[in-house]
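Data file: final08.pdb. Format and content: PDB, C-alpha atoms.
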ATOM      1  CA  MET A   1       4.683 -13.837  22.322  1.00  0.00           C
ATOM      2  CA  ARG A   2       8.191 -14.930  23.296  1.00  0.00           C
ATOM      3  CA  ASP A   3       9.689 -12.169  21.138  1.00  0.00           C
ATOM      4  CA  ALA A   4       7.368  -9.616  22.748  1.00  0.00           C
ATOM      5  CA  ILE A   5       8.459 -10.712  26.225  1.00  0.00           C
ATOM      6  CA  GLN A   6      12.108 -10.445  25.184  1.00  0.00           C
ATOM      7  CA  LEU A   7      11.467  -6.973  23.799  1.00  0.00           C
ATOM      8  CA  LEU A   8       9.774  -5.921  27.038  1.00  0.00           C
ATOM      9  CA  THR A   9      12.687  -7.299  29.051  1.00  0.00           C
ATOM     10  CA  ARG A  10      15.233  -5.354  27.001  1.00  0.00           C
ATOM     11  CA  LEU A  11      13.266  -2.126  27.277  1.00  0.00           C
ATOM     12  CA  VAL A  12      12.785  -2.443  31.021  1.00  0.00           C
ATOM     13  CA  ALA A  13      16.504  -3.123  31.477  1.00  0.00           C
ATOM     14  CA  ALA A  14      17.412  -0.104  29.337  1.00  0.00           C
ATOM     15  CA  GLN A  15      15.014   2.182  31.216  1.00  0.00           C
ATOM     16  CA  THR A  16      16.226   1.119  34.643  1.00  0.00           C
ATOM     17  CA  ARG A  17      19.806   1.759  33.543  1.00  0.00           C
ATOM     18  CA  ARG A  18      18.877   5.290  32.500  1.00  0.00           C
ATOM     19  CA  GLN A  19      16.705   6.216  35.464  1.00  0.00           C
ATOM     20  CA  GLU A  20      16.847   5.609  39.211  1.00  0.00           C
ATOM     21  CA  VAL A  21      13.317   4.254  39.493  1.00  0.00           C
ATOM     22  CA  GLY A  22      11.847   1.079  40.857  1.00  0.00           C
ATOM     23  CA  ILE A  23      11.711  -2.005  38.679  1.00  0.00           C
ATOM     24  CA  GLY A  24       7.936  -2.271  39.059  1.00  0.00           C
ATOM     25  CA  HIS A  25       7.371   1.299  37.837  1.00  0.00           C
ATOM     26  CA  ALA A  26       9.669   0.794  34.852  1.00  0.00           C
ATOM     27  CA  ASP A  27       7.974  -2.495  34.003  1.00  0.00           C
ATOM     28  CA  ARG A  28       4.487  -0.944  33.993  1.00  0.00           C
ATOM     29  CA  SER A  29       5.562   2.058  31.937  1.00  0.00           C
ATOM     30  CA  VAL A  30       7.436   0.115  29.281  1.00  0.00           C
ATOM     31  CA  SER A  31       4.871  -2.690  29.177  1.00  0.00           C
ATOM     32  CA  ALA A  32       2.224  -0.159  28.153  1.00  0.00           C
ATOM     33  CA  ARG A  33       4.490   1.110  25.348  1.00  0.00           C
ATOM     34  CA  VAL A  34       5.187  -2.406  24.081  1.00  0.00           C
ATOM     35  CA  CYS A  35       1.482  -3.314  24.072  1.00  0.00           C
ATOM     36  CA  GLY A  36       0.599  -0.072  22.291  1.00  0.00           C
ATOM     37  CA  PHE A  37       3.315  -0.638  19.724  1.00  0.00           C
ATOM     38  CA  ILE A  38       2.289  -4.230  18.981  1.00  0.00           C
ATOM     39  CA  ASN A  39      -1.392  -3.248  18.716  1.00  0.00           C
ATOM     40  CA  LEU A  40      -0.486  -0.769  15.971  1.00  0.00           C
ATOM     41  CA  ASP A  41       0.825  -3.711  13.897  1.00  0.00           C
ATOM     42  CA  PRO A  42       3.823  -1.786  12.497  1.00  0.00           C
ATOM     43  CA  LEU A  43       5.470  -2.623   9.197  1.00  0.00           C
ATOM     44  CA  VAL A  44       7.851  -5.591   9.034  1.00  0.00           C
ATOM     45  CA  PHE A  45      11.201  -5.459   7.242  1.00  0.00           C
ATOM     46  CA  THR A  46      12.921  -8.696   6.215  1.00  0.00           C
ATOM     47  CA  GLY A  47      15.793  -7.437   4.074  1.00  0.00           C
ATOM     48  CA  ALA A  48      15.069 -10.296   1.666  1.00  0.00           C
ATOM     49  CA  ASP A  49      12.060  -9.013  -0.301  1.00  0.00           C
ATOM     50  CA  PRO A  50      13.045  -6.933  -3.374  1.00  0.00           C
ATOM     51  CA  ASN A  51       9.730  -5.080  -3.114  1.00  0.00           C
ATOM     52  CA  GLU A  52      10.552  -3.756   0.361  1.00  0.00           C
ATOM     53  CA  ASP A  53      11.597  -0.126   0.591  1.00  0.00           C
ATOM     54  CA  PRO A  54      13.985   0.620   3.483  1.00  0.00           C
ATOM     55  CA  GLN A  55      13.015   4.297   3.405  1.00  0.00           C
ATOM     56  CA  VAL A  56       9.315   3.472   3.750  1.00  0.00           C
ATOM     57  CA  PHE A  57      10.056   1.200   6.710  1.00  0.00           C
ATOM     58  CA  ILE A  58      12.039   3.884   8.541  1.00  0.00           C
ATOM     59  CA  ASP A  59       9.610   6.701   7.671  1.00  0.00           C
ATOM     60  CA  ARG A  60       6.560   4.803   8.897  1.00  0.00           C
ATOM     61  CA  MET A  61       8.344   3.529  11.964  1.00  0.00           C
ATOM     62  CA  GLN A  62       9.557   7.019  12.834  1.00  0.00           C
ATOM     63  CA  ARG A  63       6.049   8.501  12.576  1.00  0.00           C
ATOM     64  CA  MET A  64       4.673   5.764  14.789  1.00  0.00           C
ATOM     65  CA  LEU A  65       7.423   6.143  17.380  1.00  0.00           C
ATOM     66  CA  ARG A  66       6.949   9.912  17.430  1.00  0.00           C
ATOM     67  CA  VAL A  67       3.246   9.510  18.190  1.00  0.00           C
ATOM     68  CA  MET A  68       4.120   7.053  20.964  1.00  0.00           C
ATOM     69  CA  LYS A  69       6.690   9.534  22.316  1.00  0.00           C
ATOM     70  CA  ALA A  70       9.244   6.724  22.482  1.00  0.00           C
ATOM     71  CA  THR A  71      12.731   7.703  23.601  1.00  0.00           C
ATOM     72  CA  VAL A  72      15.679   7.470  21.210  1.00  0.00           C
ATOM     73  CA  THR A  73      16.802   4.194  22.777  1.00  0.00           C
ATOM     74  CA  GLU A  74      13.314   2.696  23.032  1.00  0.00           C
ATOM     75  CA  SER A  75      12.834   3.501  19.366  1.00  0.00           C
ATOM     76  CA  VAL A  76      15.744   1.239  18.414  1.00  0.00           C
ATOM     77  CA  GLU A  77      14.450  -1.673  20.473  1.00  0.00           C
ATOM     78  CA  LEU A  78      10.914  -1.296  19.126  1.00  0.00           C
ATOM     79  CA  ALA A  79      12.024  -0.977  15.496  1.00  0.00           C
ATOM     80  CA  SER A  80      14.378  -3.946  15.791  1.00  0.00           C
ATOM     81  CA  TYR A  81      11.427  -6.035  16.973  1.00  0.00           C
ATOM     82  CA  ARG A  82       9.911  -5.618  13.486  1.00  0.00           C
ATOM     83  CA  LEU A  83      13.018  -6.889  11.716  1.00  0.00           C
ATOM     84  CA  GLN A  84      12.714 -10.426  10.408  1.00  0.00           C
ATOM     85  CA  ASP A  85      14.634 -12.948   8.317  1.00  0.00           C
ATOM     86  CA  VAL A  86      18.073 -11.718   7.179  1.00  0.00           C
ATOM     87  CA  ALA A  87      17.424  -8.265   8.638  1.00  0.00           C
ATOM     88  CA  VAL A  88      17.598  -9.826  12.110  1.00  0.00           C
ATOM     89  CA  ASN A  89      21.016 -11.260  11.276  1.00  0.00           C
ATOM     90  CA  TRP A  90      22.189  -7.833  10.133  1.00  0.00           C
ATOM     91  CA  TYR A  91      20.919  -6.188  13.318  1.00  0.00           C
ATOM     92  CA  GLU A  92      22.534  -8.731  15.615  1.00  0.00           C
ATOM     93  CA  SER A  93      25.846  -8.407  13.762  1.00  0.00           C
ATOM     94  CA  TRP A  94      25.646  -4.625  13.987  1.00  0.00           C
ATOM     95  CA  GLU A  95      24.956  -4.784  17.710  1.00  0.00           C
ATOM     96  CA  LEU A  96      27.994  -7.045  18.193  1.00  0.00           C
ATOM     97  CA  SER A  97      30.151  -4.651  16.162  1.00  0.00           C
ATOM     98  CA  ARG A  98      29.367  -1.856  18.633  1.00  0.00           C
ATOM     99  CA  GLY A  99      31.162  -3.717  21.407  1.00  0.00           C
ATOM    100  CA  GLU A 100      30.026  -5.247  24.697  1.00  0.00           C
ATOM    101  CA  ASP A 101      30.532  -2.063  26.702  1.00  0.00           C
ATOM    102  CA  ALA A 102      28.765   0.248  24.237  1.00  0.00           C
ATOM    103  CA  PRO A 103      25.771   2.193  25.628  1.00  0.00           C
ATOM    104  CA  PRO A 104      22.296   1.410  24.227  1.00  0.00           C
ATOM    105  CA  ALA A 105      22.053   2.486  20.592  1.00  0.00           C
ATOM    106  CA  VAL A 106      20.022   5.600  19.808  1.00  0.00           C
ATOM    107  CA  TRP A 107      17.648   6.119  16.885  1.00  0.00           C
ATOM    108  CA  GLN A 108      19.942   8.282  14.753  1.00  0.00           C
ATOM    109  CA  GLU A 109      22.766   5.762  15.122  1.00  0.00           C
ATOM    110  CA  PHE A 110      20.475   2.886  14.178  1.00  0.00           C
ATOM    111  CA  THR A 111      18.976   4.572  11.111  1.00  0.00           C
ATOM    112  CA  LYS A 112      22.415   5.613   9.848  1.00  0.00           C
ATOM    113  CA  ALA A 113      23.663   2.018  10.035  1.00  0.00           C
ATOM    114  CA  PHE A 114      20.403   0.687   8.579  1.00  0.00           C
ATOM    115  CA  PHE A 115      20.568   2.983   5.556  1.00  0.00           C
ATOM    116  CA  CYS A 116      24.265   2.334   4.986  1.00  0.00           C
ATOM    117  CA  HIS A 117      23.452  -1.359   4.682  1.00  0.00           C
ATOM    118  CA  TYR A 118      20.055  -1.388   2.937  1.00  0.00           C
ATOM    119  CA  LEU A 119      19.976   1.956   1.149  1.00  0.00           C
ATOM    120  CA  PRO A 120      23.577   3.015   0.428  1.00  0.00           C
ATOM    121  CA  LEU A 121      24.472   6.556  -0.533  1.00  0.00           C
ATOM    122  CA  GLU A 122      24.831   5.889  -4.264  1.00  0.00           C
ATOM    123  CA  LEU A 123      21.325   4.409  -4.409  1.00  0.00           C
ATOM    124  CA  ARG A 124      19.858   7.328  -2.462  1.00  0.00           C
ATOM    125  CA  ARG A 125      21.560   9.775  -4.816  1.00  0.00           C
ATOM    126  CA  ALA A 126      20.151   7.925  -7.812  1.00  0.00           C
ATOM    127  CA  ARG A 127      16.647   8.266  -6.414  1.00  0.00           C
ATOM    128  CA  VAL A 128      17.176  11.958  -5.727  1.00  0.00           C
ATOM    129  CA  ASP A 129      18.264  12.364  -9.360  1.00  0.00           C
ATOM    130  CA  ARG A 130      15.114  10.556 -10.497  1.00  0.00           C
ATOM    131  CA  PHE A 131      13.044  12.919  -8.391  1.00  0.00           C
ATOM    132  CA  LEU A 132      14.734  16.013  -9.817  1.00  0.00           C
ATOM    133  CA  THR A 133      14.140  14.857 -13.395  1.00  0.00           C
ATOM    134  CA  LEU A 134      10.628  13.490 -12.841  1.00  0.00           C
ATOM    135  CA  ARG A 135       8.080  14.725 -15.394  1.00  0.00           C
ATOM    136  CA  GLN A 136       4.488  13.718 -15.986  1.00  0.00           C
ATOM    137  CA  GLY A 137       5.011  12.705 -19.602  1.00  0.00           C
ATOM    138  CA  ASN A 138       2.501  10.012 -20.578  1.00  0.00           C
ATOM    139  CA  MET A 139       1.408   9.407 -17.002  1.00  0.00           C
ATOM    140  CA  SER A 140      -1.948  10.503 -15.659  1.00  0.00           C
ATOM    141  CA  VAL A 141      -1.851  13.132 -12.900  1.00  0.00           C
ATOM    142  CA  ARG A 142      -2.646  10.419 -10.364  1.00  0.00           C
ATOM    143  CA  GLU A 143       0.249   8.253 -11.570  1.00  0.00           C
ATOM    144  CA  TYR A 144       2.566  11.247 -11.611  1.00  0.00           C
ATOM    145  CA  SER A 145       1.478  12.252  -8.092  1.00  0.00           C
ATOM    146  CA  LEU A 146       2.202   8.763  -6.761  1.00  0.00           C
ATOM    147  CA  GLN A 147       5.665   8.790  -8.344  1.00  0.00           C
ATOM    148  CA  PHE A 148       6.302  12.284  -7.007  1.00  0.00           C
ATOM    149  CA  ASP A 149       5.318  11.412  -3.430  1.00  0.00           C
ATOM    150  CA  SER A 150       7.314   8.182  -3.526  1.00  0.00           C
ATOM    151  CA  LEU A 151      10.530   9.863  -4.684  1.00  0.00           C
ATOM    152  CA  ALA A 152      10.144  13.049  -2.615  1.00  0.00           C
ATOM    153  CA  ARG A 153      10.988  11.163   0.580  1.00  0.00           C
ATOM    154  CA  TYR A 154      14.546  10.764  -0.722  1.00  0.00           C
ATOM    155  CA  ALA A 155      14.999  14.523  -1.106  1.00  0.00           C
ATOM    156  CA  PRO A 156      13.705  15.980   2.178  1.00  0.00           C
ATOM    157  CA  THR A 157      16.017  19.000   2.118  1.00  0.00           C
ATOM    158  CA  ILE A 158      14.972  19.939  -1.422  1.00  0.00           C
ATOM    159  CA  VAL A 159      11.252  19.988  -0.601  1.00  0.00           C
ATOM    160  CA  SER A 160      11.396  20.778   3.115  1.00  0.00           C
ATOM    161  CA  LYS A 161       9.096  23.785   2.613  1.00  0.00           C
ATOM    162  CA  MET A 162       5.589  23.273   1.270  1.00  0.00           C
ATOM    163  CA  GLU A 163       5.967  25.972  -1.367  1.00  0.00           C
ATOM    164  CA  ASP A 164       9.084  24.215  -2.676  1.00  0.00           C
ATOM    165  CA  ARG A 165       7.248  20.902  -2.827  1.00  0.00           C
ATOM    166  CA  VAL A 166       4.328  22.454  -4.712  1.00  0.00           C
ATOM    167  CA  HIS A 167       6.696  24.228  -7.114  1.00  0.00           C
ATOM    168  CA  ARG A 168       8.626  21.022  -7.812  1.00  0.00           C
ATOM    169  CA  PHE A 169       5.356  19.210  -8.558  1.00  0.00           C
ATOM    170  CA  MET A 170       4.188  21.992 -10.834  1.00  0.00           C
ATOM    171  CA  ILE A 171       7.260  22.074 -13.053  1.00  0.00           C
ATOM    172  CA  GLY A 172       6.763  18.405 -13.861  1.00  0.00           C
ATOM    173  CA  LEU A 173       3.183  18.814 -15.089  1.00  0.00           C
ATOM    174  CA  GLU A 174       2.366  18.707 -18.775  1.00  0.00           C
ATOM    175  CA  PRO A 175       2.022  22.243 -20.287  1.00  0.00           C
ATOM    176  CA  HIS A 176      -1.702  21.934 -20.974  1.00  0.00           C
ATOM    177  CA  LEU A 177      -2.282  21.362 -17.252  1.00  0.00           C
ATOM    178  CA  LEU A 178       0.382  23.719 -16.002  1.00  0.00           C
ATOM    179  CA  ASN A 179      -1.341  26.767 -17.504  1.00  0.00           C
ATOM    180  CA  ASP A 180      -4.588  25.995 -15.678  1.00  0.00           C
ATOM    181  CA  CYS A 181      -2.941  25.203 -12.347  1.00  0.00           C
ATOM    182  CA  THR A 182      -0.340  27.963 -12.021  1.00  0.00           C
ATOM    183  CA  SER A 183      -2.506  30.660 -10.444  1.00  0.00           C
ATOM    184  CA  VAL A 184      -4.021  28.197  -7.980  1.00  0.00           C
ATOM    185  CA  SER A 185      -0.599  26.880  -6.955  1.00  0.00           C
ATOM    186  CA  LEU A 186       0.481  30.393  -5.924  1.00  0.00           C
ATOM    187  CA  GLN A 187      -2.175  30.730  -3.237  1.00  0.00           C
ATOM    188  CA  PRO A 188      -0.508  31.212   0.185  1.00  0.00           C
ATOM    189  CA  ASP A 189      -2.210  28.246   1.850  1.00  0.00           C
ATOM    190  CA  MET A 190      -1.724  25.786  -1.015  1.00  0.00           C
ATOM    191  CA  ASP A 191      -0.294  22.385  -0.079  1.00  0.00           C
ATOM    192  CA  ILE A 192       0.798  19.409  -2.155  1.00  0.00           C
ATOM    193  CA  SER A 193      -2.327  17.293  -1.656  1.00  0.00           C
ATOM    194  CA  HIS A 194      -4.628  20.121  -2.746  1.00  0.00           C
ATOM    195  CA  ILE A 195      -2.638  21.014  -5.864  1.00  0.00           C
ATOM    196  CA  GLN A 196      -2.460  17.342  -6.833  1.00  0.00           C
ATOM    197  CA  ALA A 197      -6.220  17.006  -6.434  1.00  0.00           C
ATOM    198  CA  TYR A 198      -6.804  20.225  -8.366  1.00  0.00           C
ATOM    199  CA  ALA A 199      -4.535  19.122 -11.230  1.00  0.00           C
ATOM    200  CA  GLN A 200      -6.313  15.777 -11.376  1.00  0.00           C
ATOM    201  CA  GLY A 201      -9.652  17.584 -11.549  1.00  0.00           C
ATOM    202  CA  VAL A 202      -8.403  19.786 -14.400  1.00  0.00           C
ATOM    203  CA  GLU A 203      -7.191  16.713 -16.271  1.00  0.00           C
ATOM    204  CA  GLU A 204     -10.518  14.929 -15.858  1.00  0.00           C
ATOM    205  CA  ARG A 205     -12.455  17.980 -17.058  1.00  0.00           C
ATOM    206  CA  LYS A 206     -10.264  18.294 -20.130  1.00  0.00           C
ATOM    207  CA  GLN A 207     -10.666  14.598 -20.887  1.00  0.00           C
ATOM    208  CA  LYS A 208     -14.449  14.923 -20.624  1.00  0.00           C
ATOM    209  CA  GLN A 209     -14.469  17.988 -22.871  1.00  0.00           C
ATOM    210  CA  ARG A 210     -12.384  16.131 -25.455  1.00  0.00           C
ATOM    211  CA  ALA A 211     -14.668  13.109 -25.273  1.00  0.00           C
ATOM    212  CA  ASP A 212     -17.752  15.337 -25.698  1.00  0.00           C
ATOM    213  CA  ARG A 213     -16.257  16.998 -28.778  1.00  0.00           C
ATOM    214  CA  GLU A 214     -15.427  13.650 -30.316  1.00  0.00           C
ATOM    215  CA  HIS A 215     -18.942  12.458 -29.568  1.00  0.00           C
ATOM    216  CA  ASP A 216     -20.452  15.552 -31.228  1.00  0.00           C
ATOM    217  CA  ARG A 217     -18.348  15.015 -34.368  1.00  0.00           C
ATOM    218  CA  ALA A 218     -19.361  11.341 -34.591  1.00  0.00           C
TER
END
Here is the file; what I need is its structure written in the form of structure tokens.
Amino acid sequence: MRDAIQLLTRLVAAQTRRQEVGIGHADRSVSARVCGFINLDPLVFTGADPNEDPQVFIDRMQRMLRVMKATVTESVELASYRLQDVAVNWYESWELSRGEDAPPAVWQEFTKAFFCHYLPLELRRARVDRFLTLRQGNMSVREYSLQFDSLARYAPTIVSKMEDRVHRFMIGLEPHLLNDCTSVSLQPDMDISHIQAYAQGVEERKQKQRADREHDRA
């Protein structure tokens, strides 16, 4: 509760600096945003858990902040509220490094600093390379789809268009599935979730057919 009050105080102060409005109006407006944000129970990032993914934290936070229509400065304050453990130390040090007279940080500035510290360029490039070389191999379509979606977030410019995303998924499929899925993937309204579901359905049908043949031979 104390942290929430501190967050509300910072947001009210930032809003009143930006706008010539009464304190009471700013307090009511920002208080509603803080309550809405906390009720959504957004993801926490500690910076200490090896299973945490910095990209997932930023992606989910950004979607939530967009829905809330938070400003670029509010977004930083709200996101920083969900930093814990050593991530708080990093954030406080970063804030100090900006200088006492620096204006409130904006979202793009925050995410750039966050990624530089927790997801440096060489690591991001390595994940892009993994995405570009990803193939289904011995994975099931479901496993391949999960890997594809997880790595695609690191290559947004490569799969910015839906047809590019579908094409990239298709070229990683095993040949026996690719032949059955190609014509469907070329439909104008095809998206990644539908082609993944279709490929999984094809795989399951082929597995059932193979099991039936083996049963008949037994």
>> Using all atoms listed in the file, which protein or nucleic acid residues come within 10 Å of Arg127 in chain A? Drop anything in the same chain fewer than 2 positions from it, and give the result as number ranges by chain.
In response: A: 121-125, 129-133, 150-155
Quick one: 5 Å padding each side, axis-aligned, all listed atoms of range 32-35 of chain A - centre and edge lengths in Å to one decimal, as AutoDock Vina command-line options?
--center_x 3.3 --center_y -1.1 --center_z 26.1 --size_x 13.7 --size_y 14.4 --size_z 14.1
I'd like the contact shell of range 81-90 of chain A - 6 Å cut-off, all atoms listed in the file, skipping same-chain residues fewer than 4 positions apart - returned as a compact mmCIF listing (two decimals) with C-alpha atoms, keeping the file's coordinate frame.
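The resulting file, result.txt, is shown below:
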# COMPACT_ATOMS: atom_id res chain seq x y z
CA VAL A 44 7.85 -5.59 9.03
CA PHE A 45 11.20 -5.46 7.24
CA THR A 46 12.92 -8.70 6.22
CA GLY A 47 15.79 -7.44 4.07
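The list of residues within 9 Å of (26.3, 0.7, 11.9), counted using only C-alpha atoms, is A:Tyr91, A:Trp94, A:Glu95, A:Ser97, A:Arg98, A:Glu109, A:Phe110, A:Thr111, A:Lys112, A:Ala113, A:Phe114, A:Phe115, A:Cys116, A:His117.
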> Could you work out how far CA of Arg135 in chain A lies from CA of Ile158 in chain A, giving the answer in Å with one decimal?
Replying inline: 16.4 Å
>> With distances taken over all atoms listed in the file, which residue among A:Leu134, A:Leu119, A:Met68, A:Val159 lies nearest Asp53 in chain A?
In response: A:Leu119
> Could you write out as an MDAnalysis selection string the residues that the PyMOL selection byres ((chain A and resi 160-173) around 12) matches in the shown file?
Replying inline: chainID A and resid 130:149 151:159 174:200 202:203
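The coordinates place CA of Ala126 in chain A at 24.8 Å from CA of Arg63 in chain A.
The space between CA of Pro104 in chain A and CA of Thr71 in chain A spans 11.5 Å.
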>> Taking 6 positions as the minimum chain separation for residues in the same chain, which residues sit within 10 Å of Gln108 in chain A when counting only C-alpha atoms? Answer as a ChimeraX atom specification.
In response: /A:72-73,75-76,114
Export, as a PDB file, keeping the file's coordinate frame, the selected residues with C-alpha atoms.
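Wrote selection.pdb, looks like this:
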ATOM      1  CA  VAL A  72      15.679   7.470  21.210  1.00  0.00           C
ATOM      2  CA  THR A  73      16.802   4.194  22.777  1.00  0.00           C
ATOM      3  CA  SER A  75      12.834   3.501  19.366  1.00  0.00           C
ATOM      4  CA  VAL A  76      15.744   1.239  18.414  1.00  0.00           C
ATOM      5  CA  PHE A 114      20.403   0.687   8.579  1.00  0.00           C
TER       6      PHE A 114
END
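Of the residues under consideration (A:Ser80, A:Gln207, A:Gln62, A:Asn39), A:Ser80 shows the shortest atom-to-atom contact distance to Ala105 in chain A when counting all atoms listed in the file.
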> Taking into account all atoms listed in the file, which residue in the set A:Arg33, A:Lys206, A:Pro103, A:Asn51 is nearest to Val67 in chain A?
Replying inline: A:Arg33
>> As a check of understanding, name the residues that the PyMOL selection byres ((chain A and resi 61) around 10) selects in the supplied structure, as a VMD selection string.
In response: chain A and resid 42 to 44 55 to 60 62 to 66 75 78 to 79 82
